[in-house]
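Data from protein-v8.txt: compact mmCIF, C-alpha atoms
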# COMPACT_ATOMS: atom_id res chain seq x y z
CA MET X 368 0.98 4.38 -25.22
CA LEU X 369 -0.80 3.81 -21.92
CA ALA X 370 0.82 4.29 -18.52
CA VAL X 371 1.97 1.20 -16.64
CA THR X 372 -0.77 1.59 -14.03
CA GLU X 373 -3.43 1.78 -16.75
CA ILE X 374 -2.08 -1.39 -18.38
CA ASN X 375 -2.05 -3.18 -15.01
CA TYR X 376 -5.62 -2.02 -14.37
CA ILE X 377 -6.76 -3.39 -17.75
CA ARG X 378 -5.07 -6.74 -17.15
CA TYR X 379 -6.57 -7.04 -13.67
CA GLU X 380 -10.11 -6.09 -14.71
CA ALA X 381 -10.09 -8.29 -17.82
CA ASN X 382 -8.04 -11.30 -16.74
CA GLN X 383 -8.74 -11.47 -12.99
CA LYS X 384 -12.28 -10.09 -12.68
CA GLY X 385 -13.53 -11.15 -16.12
CA GLU X 386 -14.85 -7.71 -17.10
CA SER X 387 -15.65 -7.20 -20.80
CA TYR X 388 -13.35 -5.15 -23.02
CA ALA X 389 -16.27 -2.84 -23.84
CA ASP X 390 -17.03 -2.09 -20.17
CA ILE X 391 -13.38 -1.42 -19.37
CA GLY X 392 -13.07 0.77 -22.47
CA ARG X 393 -16.10 2.84 -21.43
CA ARG X 394 -14.70 3.39 -17.91
CA MET X 395 -11.28 4.37 -19.22
CA LYS X 396 -12.62 6.20 -22.32
CA ILE X 397 -10.52 4.18 -24.75
CA ASP X 398 -11.26 1.84 -27.67
CA PRO X 399 -12.18 -1.77 -26.65
CA ARG X 400 -9.62 -2.95 -29.22
CA THR X 401 -6.93 -1.16 -27.23
CA VAL X 402 -8.19 -2.85 -24.07
CA SER X 403 -8.02 -6.24 -25.81
CA LYS X 404 -4.48 -5.55 -27.03
CA TYR X 405 -3.09 -4.82 -23.58
CA ALA X 406 -5.15 -7.47 -21.79
CA ASN X 407 -3.71 -10.20 -24.02
CA GLN X 408 -0.18 -8.93 -24.56
CA GLU X 409 2.28 -11.30 -22.91
CA GLU X 410 5.34 -9.10 -22.51
CA PHE X 411 5.89 -5.39 -22.19
CA LYS X 412 9.30 -4.31 -23.38
CA SER X 413 10.89 -1.46 -21.50
CA LYS X 414 14.17 0.29 -22.01
CA LYS X 415 16.68 -0.25 -19.28
CA LYS X 416 18.18 2.91 -17.92
CA GLN X 417 21.94 3.07 -17.98
CA THR X 418 23.20 3.96 -14.55
CA ARG X 419 26.72 4.91 -13.62
CA ARG X 420 28.27 3.08 -10.71
CA SER X 421 28.98 5.08 -7.56
CA PRO X 422 31.35 3.18 -5.22
CA VAL X 423 30.62 5.54 -2.31
CA MET X 424 26.84 5.95 -2.61
CA ASP X 425 25.79 2.53 -3.98
CA PRO X 426 26.32 0.63 -0.68
CA VAL X 427 24.14 3.07 1.30
CA LYS X 428 21.33 3.60 -1.22
CA PRO X 429 19.31 0.60 0.09
CA ILE X 430 19.68 1.95 3.63
CA ILE X 431 18.41 5.40 2.61
CA GLU X 432 15.47 3.88 0.71
CA LYS X 433 14.59 1.72 3.73
CA TRP X 434 14.54 4.82 5.95
CA ILE X 435 12.34 6.73 3.49
CA ASN X 436 9.84 3.84 3.37
CA GLU X 437 9.83 3.55 7.17
CA ASP X 438 9.11 7.27 7.47
CA LEU X 439 5.99 6.89 5.31
CA LYS X 440 4.39 5.09 8.26
CA LYS X 441 5.11 8.00 10.61
CA LYS X 442 3.84 11.54 10.98
CA LYS X 443 5.70 14.07 8.83
CA LYS X 444 7.28 15.75 11.87
CA ASN X 445 8.96 12.43 12.74
CA HIS X 446 10.52 11.91 9.30
CA ARG X 447 14.30 11.79 9.06
CA THR X 448 15.84 14.79 7.34
CA ALA X 449 18.62 14.34 4.80
CA LYS X 450 21.00 15.84 7.35
CA ARG X 451 19.99 13.28 9.97
CA MET X 452 20.37 10.45 7.47
CA TYR X 453 23.84 11.69 6.58
CA THR X 454 24.84 11.83 10.26
CA GLN X 455 23.55 8.29 10.87
CA LEU X 456 25.36 6.97 7.80
CA VAL X 457 28.66 8.47 8.93
CA LYS X 458 28.24 7.28 12.52
CA ASN X 459 26.78 3.81 12.01
CA HIS X 460 27.73 2.78 8.46
CA SER X 461 31.24 4.26 7.98
CA PHE X 462 30.02 6.47 5.15
CA THR X 463 32.79 8.61 3.61
CA GLY X 464 30.77 10.53 1.03
CA SER X 465 29.51 14.10 1.21
CA TYR X 466 26.32 15.46 2.73
CA ARG X 467 25.40 16.90 -0.69
CA SER X 468 25.43 13.39 -2.25
CA VAL X 469 23.04 12.12 0.43
CA ARG X 470 20.79 15.17 0.16
CA ASP X 471 20.55 14.88 -3.64
CA TYR X 472 19.77 11.15 -3.48
CA VAL X 473 17.10 11.61 -0.79
CA SER X 474 15.50 14.37 -2.87
CA LYS X 475 15.58 12.19 -5.99
CA LYS X 476 13.97 9.16 -4.29
CA LYS X 477 11.24 11.28 -2.68
CA LYS X 478 10.40 12.82 -6.08
CA GLU X 479 10.25 9.34 -7.64
CA LEU X 480 7.98 8.14 -4.83
CA LYS X 481 5.68 11.13 -5.24
CA ALA X 482 5.47 10.55 -9.01
CA TYR X 483 4.68 6.85 -8.43
CA VAL X 484 1.90 7.68 -5.96
CA GLU X 485 0.37 10.21 -8.37
CA GLU X 486 0.59 7.73 -11.26
CA ALA X 487 -0.89 4.98 -9.12
CA ALA X 488 -3.93 7.11 -8.32
CA LEU X 489 -5.96 5.65 -11.20
CA PRO X 490 -9.41 5.57 -9.65
CA LEU X 491 -11.18 2.25 -9.35
CA GLU X 492 -14.95 2.03 -9.45
CA SER X 493 -16.40 2.85 -6.02
CA ILE X 494 -19.40 0.69 -5.18
CA PRO X 495 -21.71 1.24 -2.17
CA GLY X 496 -21.17 -1.35 0.55
CA THR X 497 -17.55 -1.98 -0.45
CA ALA X 498 -14.75 -1.44 2.08
CA GLN X 499 -10.96 -1.59 2.10
CA VAL X 500 -8.81 -2.75 5.03
CA ASP X 501 -5.13 -2.30 5.88
CA PHE X 502 -2.75 -1.74 8.79
CA GLY X 503 -0.71 1.40 9.49
CA GLU X 504 1.76 2.33 12.22
CA ALA X 505 2.24 5.45 14.34
CA PRO X 506 3.94 6.55 17.59
CA PHE X 507 1.87 6.51 20.82
CA ILE X 508 2.58 7.56 24.40
CA TYR X 509 2.35 4.50 26.65
CA GLN X 510 3.45 4.65 30.30
CA SER X 511 5.33 7.91 29.64
CA LYS X 512 7.21 6.37 26.71
CA VAL X 513 6.74 6.89 22.98
CA ILE X 514 6.31 3.54 21.21
CA ASP X 515 5.25 2.59 17.69
CA LEU X 516 1.99 0.63 17.47
CA PRO X 517 -0.07 -0.67 14.53
CA TYR X 518 -3.63 0.43 13.85
CA LEU X 519 -6.25 -1.16 11.62
CA VAL X 520 -8.22 1.04 9.20
CA MET X 521 -11.43 0.14 7.38
CA SER X 522 -12.27 2.74 4.72
CA PHE X 523 -15.31 3.17 2.48
CA PRO X 524 -14.34 4.76 -0.88
CA TYR X 525 -17.96 5.40 -1.94
CA SER X 526 -18.81 7.50 1.14
CA ASN X 527 -15.22 8.59 1.84
CA THR X 528 -15.34 7.65 5.53
CA PHE X 529 -13.46 5.22 7.78
CA TYR X 530 -13.07 3.49 11.18
CA PHE X 531 -9.85 2.56 12.93
CA GLN X 532 -8.66 0.53 15.94
CA VAL X 533 -5.23 0.54 17.65
CA PHE X 534 -3.61 -2.80 18.53
CA PRO X 535 -0.34 -4.14 19.99
CA SER X 536 0.41 -6.25 16.90
CA GLU X 537 -0.55 -7.00 13.28
CA ASN X 538 -1.40 -10.64 13.93
CA THR X 539 -4.51 -12.66 13.12
CA GLU X 540 -6.19 -12.03 16.47
CA CYS X 541 -5.85 -8.26 16.13
CA LEU X 542 -7.08 -8.23 12.53
CA LEU X 543 -10.21 -10.26 13.29
CA GLU X 544 -10.90 -8.51 16.60
CA GLY X 545 -10.67 -5.13 14.85
CA LEU X 546 -13.02 -6.20 12.06
CA GLN X 547 -15.48 -7.65 14.57
CA ARG X 548 -15.54 -4.45 16.63
CA MET X 549 -16.17 -2.36 13.51
CA PHE X 550 -18.96 -4.65 12.32
CA HIS X 551 -20.67 -4.43 15.71
CA TYR X 552 -20.23 -0.64 15.87
CA MET X 553 -21.72 -0.20 12.37
CA GLY X 554 -24.48 -2.69 13.05
CA GLY X 555 -23.74 -4.54 9.82
CA VAL X 556 -21.12 -6.07 7.53
CA PRO X 557 -19.88 -4.64 4.20
CA HIS X 558 -20.90 -6.65 1.16
CA THR X 559 -17.31 -6.83 -0.14
CA ILE X 560 -13.98 -6.07 1.57
CA ARG X 561 -10.72 -5.56 -0.30
CA PHE X 562 -7.56 -6.46 1.63
CA ASP X 563 -3.90 -6.00 1.01
CA ASN X 564 -2.11 -9.35 1.17
CA LEU X 565 -1.94 -9.35 4.97
CA SER X 566 -0.18 -12.40 6.40
CA PRO X 567 -2.96 -12.94 9.01
CA ALA X 568 -5.34 -13.50 6.08
CA VAL X 569 -3.20 -14.86 3.23
CA LYS X 570 -1.00 -17.89 3.80
CA LYS X 571 0.38 -18.09 0.26
CA ILE X 572 0.05 -16.40 -3.16
CA GLY X 573 0.21 -18.82 -6.07
CA ALA X 574 1.95 -18.32 -9.41
CA LYS X 575 -1.30 -17.29 -11.09
CA GLY X 576 -2.42 -15.01 -8.28
CA GLU X 577 -4.65 -17.47 -6.42
CA ARG X 578 -4.63 -17.04 -2.63
CA GLU X 579 -4.41 -19.73 0.01
CA LEU X 580 -6.19 -18.28 3.03
CA THR X 581 -5.33 -18.96 6.65
CA ASN X 582 -7.84 -21.32 8.30
CA THR X 583 -8.84 -18.75 10.93
CA PHE X 584 -9.51 -16.01 8.37
CA GLU X 585 -11.47 -18.39 6.15
CA ARG X 586 -13.73 -19.41 9.07
CA PHE X 587 -14.21 -15.72 9.97
CA VAL X 588 -15.32 -14.93 6.39
CA LEU X 589 -17.80 -17.81 6.38
CA HIS X 590 -19.21 -16.73 9.74
CA TYR X 591 -19.87 -13.11 8.69
CA GLY X 592 -20.71 -13.89 5.07
CA PHE X 593 -18.88 -11.10 3.20
CA ASN X 594 -17.08 -11.31 -0.13
CA TYR X 595 -13.34 -10.67 -0.12
CA GLU X 596 -10.87 -9.38 -2.69
CA PHE X 597 -7.09 -8.99 -2.52
CA CYS X 598 -4.84 -6.40 -4.12
CA ASN X 599 -2.30 -7.62 -6.64
CA PRO X 600 1.27 -7.34 -5.25
CA GLY X 601 2.86 -4.04 -6.24
CA LYS X 602 -0.36 -2.51 -7.59
CA GLY X 603 -0.63 0.66 -5.52
CA ASN X 604 -3.63 1.96 -7.48
CA GLU X 605 -5.77 -0.94 -6.16
CA LYS X 606 -5.53 0.22 -2.54
CA GLY X 607 -5.13 3.96 -3.00
CA HIS X 608 -8.15 4.95 -0.88
CA VAL X 609 -7.25 2.89 2.18
CA GLU X 610 -3.61 4.04 2.01
CA ALA X 611 -4.84 7.64 1.94
CA MET X 612 -7.06 6.97 4.96
CA VAL X 613 -4.18 5.26 6.81
CA LYS X 614 -2.10 8.42 6.35
CA TYR X 615 -5.04 10.68 7.23
CA VAL X 616 -5.65 8.84 10.49
CA ARG X 617 -1.97 8.95 11.38
CA ASN X 618 -1.60 12.67 10.62
CA ASN X 619 -4.86 13.90 12.16
CA PHE X 620 -5.83 11.59 15.03
CA LEU X 621 -2.63 10.02 16.36
CA LEU X 622 0.48 11.34 18.07

Spit out the file's structure as structure tokens when you get a sec.
Amino acid sequence: MLAVTEINYIRYEANQKGESYADIGRRMKIDPRTVSKYANQEEFKSKKKQTRRSPVMDPVKPIIEKWINEDLKKKKKNHRTAKRMYTQLVKNHSFTGSYRSVRDYVSKKKKELKAYVEEAALPLESIPGTAQVDFGEAPFIYQSKVIDLPYLVMSFPYSNTFYFQVFPSENTECLLEGLQRMFHYMGGVPHTIRFDNLSPAVKKIGAKGERELTNTFERFVLHYGFNYEFCNPGKGNEKGHVEAMVKYVRNNFLL
């Protein structure tokens, strides 16, 4: 039985990119018949875990998960501890449970997140001239105050290098200005750029995965003449390199 990320990779390569079963099988070192099976299977049955209800913890679990996800965009030293989360829950959300319950749940969710990231690290083929682009966020000192600002990262999986630019927002103007600056600095344009489904670039995702681009982004692509690809929603393995570079920039170059 293949892992979920491997199945998703097969379905993307075969059904979205049109790769042959034999080529996918060679890359993954599995039989082409296995590739065909998973590429054409309509439904994947999974056992539902039975979970016991917790009247005290259930209402605050989404809050804790939101905080954990927010902390992923910050340097490790700025992450909330379980103790701080517990204090905020008691103060701002009328939480009546114990600190131990919060600590255990935080530990559990972080372990699940780590396991997901490791599972999602299925390497995609790195091709020269191919780049990946995404936004991150980090704290900066501006006029003696610490504020969170977005930064745009363009990474190159084949050469394992990157460029980044800091901006006041994650809007269309900042995305295109950042790309333009990087192109001019490099003295060229990557052959293909893979994007996450950034709203400045993608207006709508259709039922079958087709993208409706924003007019401004579409004109920008035509002007610079590069090919574009977009990650499938929820497929972390498709943007693993740029996510790693986003974290590396935040932890090594920013406040």

Worksheet item: Which one is closest to X:Tyr518: X:Phe597, X:Arg470, X:Lys475, X:Lys440? Count only C-alpha atoms.
Response: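 Closest candidate: X:Lys440.
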
Worksheet entry | Pick from X:Arg578, X:Lys443, X:Lys512, X:Lys404 nearest to X:Arg378, counting only C-alpha atoms | X:Lys404

Please list as a JSON list (two decimals) with C-alpha atoms, in the coordinates of the input every residue within 12 Å of X:Ile430, counting only C-alpha atoms and excluding residues in the same chain fewer than 4 positions away.
[["chain", "number", "residue", "atom", "x", "y", "z"],
["X", 424, "MET", "CA", 26.84, 5.95, -2.61],
["X", 425, "ASP", "CA", 25.79, 2.53, -3.98],
["X", 426, "PRO", "CA", 26.32, 0.63, -0.68],
["X", 434, "TRP", "CA", 14.54, 4.82, 5.95],
["X", 435, "ILE", "CA", 12.34, 6.73, 3.49],
["X", 436, "ASN", "CA", 9.84, 3.84, 3.37],
["X", 437, "GLU", "CA", 9.83, 3.55, 7.17],
["X", 452, "MET", "CA", 20.37, 10.45, 7.47],
["X", 453, "TYR", "CA", 23.84, 11.69, 6.58],
["X", 455, "GLN", "CA", 23.55, 8.29, 10.87],
["X", 456, "LEU", "CA", 25.36, 6.97, 7.80],
["X", 459, "ASN", "CA", 26.78, 3.81, 12.01],
["X", 460, "HIS", "CA", 27.73, 2.78, 8.46],
["X", 462, "PHE", "CA", 30.02, 6.47, 5.15],
["X", 469, "VAL", "CA", 23.04, 12.12, 0.43],
["X", 472, "TYR", "CA", 19.77, 11.15, -3.48],
["X", 473, "VAL", "CA", 17.10, 11.61, -0.79]]

Worksheet item: Which of these, X:Gln547, X:Thr401, X:Asn445, X:Ser566, has the shortest distance to X:Ala505 once you count only C-alpha atoms?
Response: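 Checking each candidate against X:Ala505, we get X:Asn445 as the closest.
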
Practice prompt. Would you work out the distance separating atom CA of X:Asn375 from atom CA of X:Ser403, expressed in Å to one decimal?
Written response: 12.7 Å
